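Enquirer: The following block contains the structure, expressed as structure tokens.
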Amino acid sequence: MEMMIRPRRNRRNPAIRGLVRETVLSVDDLILPVFFHGDAEDVAIVSMPGCTRWSVGGLIAEVKSVWETGIRAVVLFPKIAEDLKSPDGAACADDEGLVPRVIRAIKEACPGMCVITDVALDPYNSDGHDGIVERDANGGLKILNDETVAVLCLQALCHARAGADIVAPSDMMDGRIGAIRVALDEHGFGETGIMAYTAKYASAFYGPFRGALDSAPKEGDKKTYQMDPGNIREAVRELLLDEEEGADIVMVKPAGPYLDVIARLRDETTLPIAAYQVSGEYLMIKAACAGGWLDEKAEVMERLLGIKRAGADMILTYFAKDVARWIK
Ligand code: PBG
């Protein structure tokens with residue numbers, strides 16, 4: 001054949017493929033979400049095989065071993081005891097609560113670890129919602145926006161006082177990024193960053209996580225605050241607001257089924273983008289690979305590469321420790 005242009009020349013051998021590779025996954029890109037509770041036992045999480053709900057002691061040992069893999073960032077998800085939950089989730093701002101205690105313990109054991117905290121009321125809220133619930137005359141649920149934002153500011157301040165590097169509001173209330181930014185700045189935490197869950201969809205992929213923390217809504221769903229899966233222009237709208245309100249990092253969640261959203265936000269912003277490969281995405285891979293049908297390492301690496309290629313700068317993934325080991 002008469003052909004001057006042959007794309008296969010650039011795929012001839014590993015050296016050339018390495019030179020022309022456009023996207024590479026690095027351990028620097030990884031953020032590991034960790035689960036813990038106030039109990040003394042480390043408990044295997046049934047809905048997320050391979051994940052553990054740690055005791056505080058177990059978590060500190062785990063964080064040290066995470067550090068050894070080269071991972072430099074964790075995001076904290078507590079399971080709060082039932083008797084500490086209330087309609088207004090007030091326990092979320094207690095300086096002696098589980099989360100601030102854990103932040104201080106991680107910073108003491110592993111000072112270089114970037115500690116990111118979840119800001120939302122669902123672990124503390126007796127209704128299992130991310131915001132404060134009000135019932136109308138017909139018993140319908142309403143999630144109060146501004147009242148919730150006031151509590152989220154107290155929660156973010158509590159995390160900042162304990163030493164969190166970055167707070168990550170996952171609640172999807174309107175105006176919370178700006179309100180938290182002002183609260184942090186007014187209290188001398190101008191250096192504490194905000195990772196905004198900018199485009200967090202009302203997704204069916206969060207089920208295993210809610211099982212891990214026993215945090216499913218007692219009634220109703222999260223569709224009046226999390227985004228409709230059909231929408232992408234709305235993600236840009238949320239992005240513009242979060243940028244204006246002072247977000248340092250914006251997030252798309254879930255990741256795999258929303259690669260188009262990641263790519264779109266990449267085109268629209270100069271801010272770093274985080275993508276959250278959520279519990280349902282994790283569980284699907286685990287289940288498929290448990291039967292030997294797919295190769296777990298190859299599957300995970302390709303999916304994470306796809307998320308990065310779409311435009312994510314960093315990825316929250318329950319596979320982070322495995323990936324760090326595989327990259328090495
Ligand atoms: C709640 C929160 C959820 C997740 C992270 N923060 C669940 C939800 O919104 O119901 C899900 C993460 C996952 O599924 O891995 N603020």
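Chains: A, B, ... in order of the structure tokens. Residues: from 1 per chain. Ligands: from 1, in order shown.
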Could you give me the residues within 9 Å of ligand 1, counting only C-alpha atoms and all ligand atoms, as number ranges by chain?

Expert: A: 33, 77, 118-123, 128-130, 169-172, 200-210, 215-217, 221-222, 226, 253-254, 276-282, 316-318

Enquirer: Quick one: residues within 8 Å of Lys79 (chain A), only C-alpha atoms, excluding same-chain residues fewer than 2 positions away - as a PyMOL selection string?

Expert: chain A and resi 35-38+77+81+123+213-214

Enquirer: Please dump the current selection as a short mmCIF file (atom, residue, chain, number, x, y, z; two decimals), in the first residue's frame; keep N, CA and C atoms.

Expert:
```cif
data_model
loop_
_atom_site.label_atom_id
_atom_site.label_comp_id
_atom_site.auth_asym_id
_atom_site.auth_seq_id
_atom_site.Cartn_x
_atom_site.Cartn_y
_atom_site.Cartn_z
N PHE A 35 -13.04 5.05 56.35
CA PHE A 35 -14.20 4.97 57.23
C PHE A 35 -13.74 4.64 58.65
N PHE A 36 -14.41 5.20 59.64
CA PHE A 36 -14.07 4.88 61.02
C PHE A 36 -15.25 5.15 61.94
N HIS A 37 -15.16 4.61 63.15
CA HIS A 37 -16.20 4.83 64.16
C HIS A 37 -15.54 4.91 65.53
N GLY A 38 -16.36 5.18 66.55
CA GLY A 38 -15.82 5.33 67.90
C GLY A 38 -15.66 4.02 68.64
N PHE A 77 -14.51 9.78 56.62
CA PHE A 77 -15.94 9.52 56.72
C PHE A 77 -16.26 8.77 58.01
N ALA A 81 -22.29 7.47 66.38
CA ALA A 81 -23.19 6.66 67.21
C ALA A 81 -24.61 7.22 67.16
N PRO A 123 -24.09 12.13 58.54
CA PRO A 123 -23.71 11.19 59.60
C PRO A 123 -24.31 11.57 60.96
N LEU A 213 -21.87 3.22 56.35
CA LEU A 213 -22.00 4.19 57.45
C LEU A 213 -23.39 4.17 58.05
N ASP A 214 -24.26 3.32 57.52
CA ASP A 214 -25.61 3.27 58.02
C ASP A 214 -26.24 4.66 57.90
#
```

Enquirer: Could you please determine the separation between CA of Asp267 (chain A) and CA of Ile232 (chain A) in Å, to one decimal place?

Expert: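 Distance reported for this atom pair: 12.8 Å.
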
Enquirer: Could you work out how far CA of Asn125 (chain A) lies from CA of Lys142 (chain A), giving the answer in Å with one decimal?

Expert: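 It comes out at 13.9 Å.
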
Enquirer: Would you work out the distance separating CA of Ser26 (chain A) from CA of Ala324 (chain A), expressed in Å to one decimal?

Expert: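 Rounded to one decimal, the two atoms are 7.9 Å apart.
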
Enquirer: Looking at only C-alpha atoms, which of A:Pro7, A:Gly57, A:Gly131, A:Pro111 is the one that sits closest to Ala150 (chain A)?

Expert: A:Gly131

Enquirer: Kindly indicate which residue among A:Ile80, A:Ala275, A:Leu239, A:Ile5 lies nearest to Asp39 (chain A), using only C-alpha atoms for the distances.

Expert: A:Ile80

Enquirer: With distances taken over only C-alpha atoms, which of A:Gly18, A:Lys328, A:Gly211, A:Thr148 is nearest to Glu134 (chain A)?

Expert: A:Thr148

Enquirer: Hey, what's within 10 Å of Ile273 (chain A) if we count only C-alpha atoms and toss same-chain stuff fewer than 3 positions away? As a VMD selection string, please?

Expert: chain A and resid 195 to 196 198 248 to 252 262 to 263 265 to 266 269 to 270 308 311 to 315

Enquirer: Run DSSP on the backbone and grab whatever in region 206-236 of chain A lands in alpha helix (DSSP H); send it over as a PyMOL selection string.

Expert: chain A and resi 207-213+233-236

Enquirer: A:Val261, A:Cys114, A:Leu144, A:Leu19: which is nearest Val74 (chain A), counting only C-alpha atoms?

Expert: A:Cys114
